[in-house]
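Worksheet: one structure, shown below.
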Amino acid sequence: MKETDLIIIGAGPGGYRAAEYAAQQGLKVVIFEDAEVGGTCLNVGCIPTKTYVHSATFAEARERMATVVSQLRSGVESILSHPNITLVREKAKFIDSHTVCSLTSHLSPLTSNNIIIATGSETKWLPIKGIDDPRVVDSTGLLNLETLPKRLAIIGAGVIGMEFASVFNRFGSEVTVIEYLKECLPALDSDIAKRLRKYLERQGITFKMKTAVENVADLDADVILMATGRKPRVQPDFANAGFEYDERKGITADANFETTVKGIYAIGDVNGKQMLAHAAEMQAVRAVNHILGKKDGIRFDIMPAAIFTEPEAACVGPTEDQLKEQGIAYECHKSFWRANGKAQAMGATEGMLKLFTYSEGLILGCHAYGAHSADIVQEVSVLMCRNTTLSELRDMVHIHPTLGEILISV
C-alpha cells in the first residue's frame, strides 16, 4: 500500500485547482479522473455554453466549441503535469476513511491522511411521465445535437434553461420555456428577472410560467431540454469512508469544507453549497489551506454569479425580496443602461441595475441585467469584500466612456 500527502477524487474546476495549489505548496498529490479533465464546466457546461453564446450560427458554435474545449482541456492537462501531481485516469473507490483504490485496474491501494472529494454534479431529472421519450435531452445532449431543432421546448427557467433559450432563439429555433414558479431565475432579484424575461419575450421566446409538465407527450417540440437543475454526484462507496452525506443534498461539510470525518474534504457541487465553478475553485483553496494550517480571507458569503443570456444578467448578495423577508433596513439605488454613453454607442441600451445598501451606505448587494453586467457585478463583489460604502464608491474614478459608469450613477 502506497502513501501520499493528498488524494483528490475528480479533476473538475475544484479538483484540478486543489491539485495545482497543493502541488505549489510542496504536497505530493494523486488525483483520480475517469473522464476528461476539466469536469462538467469545461467539457459539457459553462465553457461550451458560452461558446454558443458568442457564436453567430449553430454551425459556427459547434465548430468553435470543439476547438475551445480542446484548447482549454490541454491547459488543464498541463497544470496536472506538475512533478508533484500524479494523474490517475481511472475511477476511485473508498476502501475505508483514508484508503482509496481504483475500480478499473490493479493499481495498488493508496492511503493518505488528507482526501478531497470533488466529484461534481449531474442532471436532476424530474419524474415526469414519458421522460424516456427520445426527444428529451439534458444540457449535454443538447450540446451534442448535430442539427438545429426547429422547435425547442425547455422545462425549467433557471440558469441552464434561460441561457439555452436565449442562444437557440438567436440561432432560429422556435423556443418555449415552461416553468413551475411564477418567475424565472429565482436567485435573481424578481424585478430584474421579470424585465429580462419580458425582453426575451419580445425577441420571440414563449414563456409559460406557473405551469407544470405532467406528460412529455403533451409537448409539441422536436427536442425537449430538461433544465431543472443539477444534483450532487455521490457514490455508493462513500459509505465506506464513514462521513455524512445525502443522495439529494450531497456531502455534509463545514466552513473549511471538511466532512464529518477528519481529513476528508468535499468541495464543489458535491457538497451542494454553491454550485458554481468559481465557488469550487475557491473552496479548493480553503480546503488545502486548512490541510496546511494556513489562514485565508476568502469570503464565501459574497459569491457573485452570472447568467449569460443576451443581454446577460448577474447578481451578488440578497435580492430585494429577501431583504424584505429578513426585515433588514435597506436602501435601493437604481441605474439604467439607456442613460449610459457607452451603452448608447454600443447600441446596447437594454438593462437595469439595482444596488442595495444599509441605511448608513454599506453595500449589501447588486443585481443587474444588461451588456457586461457580470463585469459590473464583479466590481461590486470586490467592493463588498472590502466593506465599501456607497459614498466611497462614488469617490472612485471610473473611465469614461465605459459601462462601469452605470455603477456610480446610482
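Scheme for the C-alpha cells: letters A, B, ... for chains in order shown; per-chain residue numbers from 1; ligand numbers from 1 in order shown.
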Quick one: DSSP strand (DSSP E or B) residues in stretch 184-237 of chain A, as a PyMOL selection string?
chain A and resi 206-208+215+223-226+230-232
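Close contacts of A:Gln378, defined as residues with an atom at most 9 Å away when counting only C-alpha atoms, with chain neighbours fewer than 3 positions off set aside, comprise Pro304, Ala305, Ala314, Cys315, Val316, Ser373, Ala374, Asp375, Ser381, Val382 and Leu383 of chain A.
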Residue subset to file, keeping N, CA, C and O atoms, as an mmCIF file, in the first residue's frame:
data_model
loop_
_atom_site.group_PDB
_atom_site.id
_atom_site.type_symbol
_atom_site.label_atom_id
_atom_site.label_comp_id
_atom_site.auth_asym_id
_atom_site.auth_seq_id
_atom_site.Cartn_x
_atom_site.Cartn_y
_atom_site.Cartn_z
ATOM 1 N N PRO A 304 -20.542 36.076 -6.214
ATOM 2 C CA PRO A 304 -21.205 36.583 -7.420
ATOM 3 C C PRO A 304 -21.548 35.449 -8.378
ATOM 4 O O PRO A 304 -20.915 34.393 -8.367
ATOM 5 N N ALA A 305 -22.563 35.690 -9.210
ATOM 6 C CA ALA A 305 -22.974 34.705 -10.206
ATOM 7 C C ALA A 305 -23.512 35.437 -11.427
ATOM 8 O O ALA A 305 -23.962 36.584 -11.328
ATOM 9 N N ALA A 314 -26.561 39.310 -13.830
ATOM 10 C CA ALA A 314 -25.614 38.920 -12.788
ATOM 11 C C ALA A 314 -26.107 39.406 -11.443
ATOM 12 O O ALA A 314 -26.940 40.319 -11.350
ATOM 13 N N CYS A 315 -25.580 38.790 -10.380
ATOM 14 C CA CYS A 315 -26.002 39.187 -9.042
ATOM 15 C C CYS A 315 -24.938 38.839 -8.015
ATOM 16 O O CYS A 315 -24.114 37.947 -8.217
ATOM 17 N N VAL A 316 -24.967 39.583 -6.920
ATOM 18 C CA VAL A 316 -24.188 39.255 -5.734
ATOM 19 C C VAL A 316 -24.978 39.779 -4.537
ATOM 20 O O VAL A 316 -25.543 40.868 -4.579
ATOM 21 N N SER A 373 -23.055 43.036 -17.663
ATOM 22 C CA SER A 373 -23.468 43.198 -16.264
ATOM 23 C C SER A 373 -22.642 42.321 -15.329
ATOM 24 O O SER A 373 -22.436 42.665 -14.163
ATOM 25 N N ALA A 374 -22.140 41.182 -15.819
ATOM 26 C CA ALA A 374 -21.309 40.317 -14.975
ATOM 27 C C ALA A 374 -20.043 41.033 -14.549
ATOM 28 O O ALA A 374 -19.583 40.890 -13.404
ATOM 29 N N ASP A 375 -19.450 41.829 -15.448
ATOM 30 C CA ASP A 375 -18.229 42.561 -15.108
ATOM 31 C C ASP A 375 -18.517 43.645 -14.070
ATOM 32 O O ASP A 375 -17.701 43.898 -13.174
ATOM 33 N N SER A 381 -18.758 42.972 -6.125
ATOM 34 C CA SER A 381 -18.329 41.876 -5.254
ATOM 35 C C SER A 381 -17.006 42.206 -4.565
ATOM 36 O O SER A 381 -16.840 41.975 -3.367
ATOM 37 N N VAL A 382 -16.069 42.755 -5.330
ATOM 38 C CA VAL A 382 -14.776 43.154 -4.758
ATOM 39 C C VAL A 382 -14.974 44.228 -3.690
ATOM 40 O O VAL A 382 -14.385 44.162 -2.597
ATOM 41 N N LEU A 383 -15.822 45.201 -3.998
ATOM 42 C CA LEU A 383 -16.074 46.281 -3.036
ATOM 43 C C LEU A 383 -16.712 45.747 -1.758
ATOM 44 O O LEU A 383 -16.385 46.185 -0.649
#
Show which residues sit within 7 Å of stretch 82-89 of chain A, as a list in words. Count only C-alpha atoms, and ignore same-chain residues fewer than 2 positions away.
Ala19, Ala23, Leu27, Lys28, Val29, Val30, Ile31, Phe32, Glu33, Asp34, Ile79 and Leu80 of chain A
For A:Glu247, work out the shell of residues within 12 Å, counting only C-alpha atoms and skipping chain neighbours fewer than 6 positions away, then give it as a PyMOL selection string.
chain A and resi 121-122+124+231-236+238-239+270-272
Restricting the output to N, CA and C atoms, write the selected residues as a CSV table (one decimal), in the first residue's frame.
chain,number,residue,atom,x,y,z
A,121,SER,N,-21.4,17.2,-10.1
A,121,SER,CA,-22.8,17.0,-10.1
A,121,SER,C,-23.3,16.4,-11.3
A,122,GLU,N,-24.6,16.1,-11.4
A,122,GLU,CA,-25.2,15.5,-12.6
A,122,GLU,C,-26.6,16.0,-12.8
A,124,LYS,N,-30.4,16.7,-12.8
A,124,LYS,CA,-31.5,16.3,-11.9
A,124,LYS,C,-32.8,16.1,-12.8
A,231,LYS,N,-27.8,17.8,-9.4
A,231,LYS,CA,-27.7,17.3,-8.0
A,231,LYS,C,-26.3,16.8,-7.8
A,232,PRO,N,-25.9,16.8,-6.5
A,232,PRO,CA,-24.5,16.3,-6.2
A,232,PRO,C,-24.3,14.9,-6.7
A,233,ARG,N,-23.1,14.6,-7.2
A,233,ARG,CA,-22.8,13.2,-7.7
A,233,ARG,C,-22.2,12.5,-6.5
A,234,VAL,N,-23.0,11.7,-5.9
A,234,VAL,CA,-22.5,10.9,-4.8
A,234,VAL,C,-22.3,9.4,-5.3
A,235,GLN,N,-21.4,8.7,-4.6
A,235,GLN,CA,-21.1,7.3,-5.0
A,235,GLN,C,-21.4,6.3,-3.8
A,236,PRO,N,-21.8,5.1,-4.1
A,236,PRO,CA,-22.1,4.1,-3.1
A,236,PRO,C,-20.9,3.9,-2.1
A,238,PHE,N,-19.0,5.9,-0.9
A,238,PHE,CA,-18.8,6.9,0.1
A,238,PHE,C,-19.1,6.4,1.5
A,239,ALA,N,-20.0,5.4,1.6
A,239,ALA,CA,-20.4,4.8,2.8
A,239,ALA,C,-19.2,4.1,3.5
A,270,VAL,N,-20.5,18.7,-5.2
A,270,VAL,CA,-20.8,17.5,-4.4
A,270,VAL,C,-21.2,17.9,-3.0
A,271,ASN,N,-20.8,19.0,-2.5
A,271,ASN,CA,-21.3,19.4,-1.2
A,271,ASN,C,-22.6,20.2,-1.2
A,272,GLY,N,-23.1,20.5,-2.4
A,272,GLY,CA,-24.4,21.2,-2.6
A,272,GLY,C,-24.5,22.6,-2.0
Please provide as a PDB file with N, CA, C and O atoms, in the first residue's frame all residues within 7 Å of A:Ala284, with the sequence filter that same-chain residues fewer than 5 positions apart are discarded (counting only C-alpha atoms).
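The resulting file, part14.pdb, is reproduced below:
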ATOM      1  N   GLY A  14     -12.792  22.328  -9.181  1.00  0.00           N
ATOM      2  CA  GLY A  14     -12.346  22.218  -7.794  1.00  0.00           C
ATOM      3  C   GLY A  14     -11.168  21.284  -7.650  1.00  0.00           C
ATOM      4  O   GLY A  14     -10.170  21.599  -6.992  1.00  0.00           O
ATOM      5  N   ARG A  17      -7.875  22.565  -9.394  1.00  0.00           N
ATOM      6  CA  ARG A  17      -7.352  23.738  -8.677  1.00  0.00           C
ATOM      7  C   ARG A  17      -6.720  23.315  -7.353  1.00  0.00           C
ATOM      8  O   ARG A  17      -5.660  23.832  -6.964  1.00  0.00           O
ATOM      9  N   ALA A  18      -7.361  22.370  -6.659  1.00  0.00           N
ATOM     10  CA  ALA A  18      -6.803  21.862  -5.404  1.00  0.00           C
ATOM     11  C   ALA A  18      -5.455  21.192  -5.655  1.00  0.00           C
ATOM     12  O   ALA A  18      -4.494  21.392  -4.901  1.00  0.00           O
ATOM     13  N   ILE A 267     -15.506  19.396  -1.840  1.00  0.00           N
ATOM     14  CA  ILE A 267     -15.550  20.718  -2.447  1.00  0.00           C
ATOM     15  C   ILE A 267     -16.374  20.701  -3.735  1.00  0.00           C
ATOM     16  O   ILE A 267     -16.555  19.660  -4.357  1.00  0.00           O
TER      17      ILE A 267
END
Which residues are near A:Met65? Cut-off 8 Å, only C-alpha atoms, ignore same chain within fewer than 5 positions. Put them as a short mmCIF file (atom, residue, chain, number, x, y, z; two decimals) with N, CA, C and O atoms, in the first residue's frame.
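The resulting file, around-v7.cif, is shown below:
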data_model
loop_
_atom_site.label_atom_id
_atom_site.label_comp_id
_atom_site.auth_asym_id
_atom_site.auth_seq_id
_atom_site.Cartn_x
_atom_site.Cartn_y
_atom_site.Cartn_z
N PRO A 48 -18.58 25.23 -23.06
CA PRO A 48 -19.30 25.01 -24.32
C PRO A 48 -20.51 25.94 -24.48
O PRO A 48 -20.76 26.47 -25.57
N THR A 51 -19.44 29.31 -25.50
CA THR A 51 -19.04 29.29 -26.91
C THR A 51 -20.27 29.47 -27.79
O THR A 51 -20.23 30.21 -28.78
N TYR A 52 -21.38 28.84 -27.42
CA TYR A 52 -22.63 29.01 -28.16
C TYR A 52 -23.12 30.46 -28.04
O TYR A 52 -23.58 31.05 -29.02
#
Which polymer residues have any atom within 10 Å of an atom of stretch 43-46 of chain A, counting only C-alpha atoms, with same-chain residues fewer than 2 positions away left out, as a ChimeraX atom specification?
/A:12,35-41,48-52,65-66,68-70,72-73,139-144,160,276-277,308
Using the selection just defined, write its residues with N, CA and C atoms as an mmCIF file, in the first residue's frame.
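What landed in result_32.cif:
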data_model
loop_
_atom_site.group_PDB
_atom_site.id
_atom_site.type_symbol
_atom_site.label_atom_id
_atom_site.label_comp_id
_atom_site.auth_asym_id
_atom_site.auth_seq_id
_atom_site.Cartn_x
_atom_site.Cartn_y
_atom_site.Cartn_z
ATOM 1 N N GLY A 12 -12.297 18.191 -11.976
ATOM 2 C CA GLY A 12 -13.031 19.342 -12.466
ATOM 3 C C GLY A 12 -12.411 20.620 -11.915
ATOM 4 N N ALA A 35 -12.984 10.399 -16.495
ATOM 5 C CA ALA A 35 -13.490 11.044 -17.701
ATOM 6 C C ALA A 35 -12.463 12.090 -18.158
ATOM 7 N N GLU A 36 -12.882 13.020 -19.001
ATOM 8 C CA GLU A 36 -11.966 14.070 -19.427
ATOM 9 C C GLU A 36 -11.690 15.032 -18.275
ATOM 10 N N VAL A 37 -10.458 15.519 -18.179
ATOM 11 C CA VAL A 37 -10.143 16.510 -17.157
ATOM 12 C C VAL A 37 -10.897 17.801 -17.461
ATOM 13 N N GLY A 38 -11.147 18.583 -16.427
ATOM 14 C CA GLY A 38 -11.879 19.830 -16.600
ATOM 15 C C GLY A 38 -13.299 19.771 -16.105
ATOM 16 N N GLY A 39 -13.822 18.548 -15.933
ATOM 17 C CA GLY A 39 -15.143 18.386 -15.353
ATOM 18 C C GLY A 39 -16.278 18.868 -16.240
ATOM 19 N N THR A 40 -17.456 18.962 -15.622
ATOM 20 C CA THR A 40 -18.662 19.387 -16.335
ATOM 21 C C THR A 40 -18.483 20.766 -16.943
ATOM 22 N N CYS A 41 -17.923 21.702 -16.193
ATOM 23 C CA CYS A 41 -17.812 23.087 -16.633
ATOM 24 C C CYS A 41 -17.089 23.191 -17.970
ATOM 25 N N PRO A 48 -18.581 25.230 -23.064
ATOM 26 C CA PRO A 48 -19.299 25.014 -24.322
ATOM 27 C C PRO A 48 -20.507 25.944 -24.479
ATOM 28 N N THR A 49 -21.233 26.157 -23.370
ATOM 29 C CA THR A 49 -22.401 27.030 -23.438
ATOM 30 C C THR A 49 -22.009 28.448 -23.823
ATOM 31 N N LYS A 50 -20.928 28.955 -23.232
ATOM 32 C CA LYS A 50 -20.500 30.323 -23.560
ATOM 33 C C LYS A 50 -19.967 30.417 -24.981
ATOM 34 N N THR A 51 -19.440 29.305 -25.505
ATOM 35 C CA THR A 51 -19.041 29.286 -26.907
ATOM 36 C C THR A 51 -20.272 29.472 -27.789
ATOM 37 N N TYR A 52 -21.376 28.837 -27.424
ATOM 38 C CA TYR A 52 -22.632 29.012 -28.156
ATOM 39 C C TYR A 52 -23.115 30.459 -28.045
ATOM 40 N N MET A 65 -16.891 25.253 -30.476
ATOM 41 C CA MET A 65 -16.946 24.548 -29.201
ATOM 42 C C MET A 65 -15.855 23.487 -29.129
ATOM 43 N N ALA A 66 -15.729 22.708 -30.187
ATOM 44 C CA ALA A 66 -14.724 21.642 -30.191
ATOM 45 C C ALA A 66 -13.321 22.210 -30.040
ATOM 46 N N VAL A 68 -12.373 25.258 -28.758
ATOM 47 C CA VAL A 68 -12.176 25.915 -27.459
ATOM 48 C C VAL A 68 -12.014 24.888 -26.345
ATOM 49 N N VAL A 69 -12.880 23.884 -26.327
ATOM 50 C CA VAL A 69 -12.811 22.864 -25.284
ATOM 51 C C VAL A 69 -11.483 22.116 -25.348
ATOM 52 N N SER A 70 -11.049 21.783 -26.546
ATOM 53 C CA SER A 70 -9.778 21.071 -26.713
ATOM 54 C C SER A 70 -8.599 21.894 -26.200
ATOM 55 N N LEU A 72 -8.621 24.371 -23.964
ATOM 56 C CA LEU A 72 -8.673 24.544 -22.511
ATOM 57 C C LEU A 72 -8.374 23.234 -21.787
ATOM 58 N N ARG A 73 -8.821 22.129 -22.358
ATOM 59 C CA ARG A 73 -8.521 20.837 -21.766
ATOM 60 C C ARG A 73 -7.003 20.590 -21.764
ATOM 61 N N SER A 139 -28.578 19.096 -20.804
ATOM 62 C CA SER A 139 -27.722 20.094 -21.457
ATOM 63 C C SER A 139 -26.618 19.441 -22.278
ATOM 64 N N THR A 140 -26.086 18.310 -21.804
ATOM 65 C CA THR A 140 -25.057 17.597 -22.557
ATOM 66 C C THR A 140 -25.610 17.092 -23.878
ATOM 67 N N GLY A 141 -26.808 16.524 -23.833
ATOM 68 C CA GLY A 141 -27.435 16.029 -25.048
ATOM 69 C C GLY A 141 -27.730 17.140 -26.035
ATOM 70 N N LEU A 142 -28.140 18.299 -25.523
ATOM 71 C CA LEU A 142 -28.440 19.432 -26.400
ATOM 72 C C LEU A 142 -27.171 19.922 -27.100
ATOM 73 N N LEU A 143 -26.065 19.954 -26.361
ATOM 74 C CA LEU A 143 -24.797 20.384 -26.953
ATOM 75 C C LEU A 143 -24.285 19.390 -27.993
ATOM 76 N N ASN A 144 -24.742 18.148 -27.909
ATOM 77 C CA ASN A 144 -24.305 17.126 -28.850
ATOM 78 C C ASN A 144 -25.168 17.044 -30.104
ATOM 79 N N ILE A 160 -29.567 27.305 -16.639
ATOM 80 C CA ILE A 160 -29.357 26.467 -17.821
ATOM 81 C C ILE A 160 -30.456 26.711 -18.850
ATOM 82 N N LEU A 276 -21.280 26.438 -8.336
ATOM 83 C CA LEU A 276 -20.656 27.324 -9.319
ATOM 84 C C LEU A 276 -19.193 26.922 -9.459
ATOM 85 N N ALA A 277 -18.665 26.983 -10.683
ATOM 86 C CA ALA A 277 -17.279 26.577 -10.908
ATOM 87 C C ALA A 277 -16.308 27.426 -10.094
ATOM 88 N N PHE A 308 -25.639 34.000 -18.656
ATOM 89 C CA PHE A 308 -25.202 34.530 -19.938
ATOM 90 C C PHE A 308 -26.264 34.391 -21.021
#
In stretch 89-316 of chain A, DSSP helix (DSSP H, G or I) residues written as a ChimeraX atom specification
/A:139-143,159-171,190-202,216-218,238-241,268-271,277-292
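Counting only C-alpha atoms and comparing A:Lys129, A:Arg386, A:His367, A:His54, the residue that lies closest to A:Leu185 is A:His367.
If only C-alpha atoms are the atoms counted, then among A:Ser335, A:Thr119, A:Pro134, A:Lys342 the closest residue to A:Ile399 is A:Lys342.
For the atom pair formed by atom CA of A:Ile7 and atom CA of A:Gly229, the distance is 28.8 Å, given to one decimal.
Remark: for A:Cys385, the closest of the candidate residues A:Asp301, A:Glu325, A:Glu3, A:Glu405 is A:Asp301 (distances computed over only C-alpha atoms).
With only C-alpha atoms as the atoms that count, the residue of A:Tyr265, A:Asp189, A:Ile291, A:Arg151 with the shortest distance to A:Leu225 is A:Arg151.
Proximity of A:Ala241, A:Leu196, A:Ala221, A:Ala343 to A:Ala368, computed with only C-alpha atoms, is greatest for A:Leu196.
Checking A:Ile8, A:Cys332, A:Val223, A:Val136 one by one against A:Ile115, counting only C-alpha atoms, you find the shortest gap at A:Ile8.
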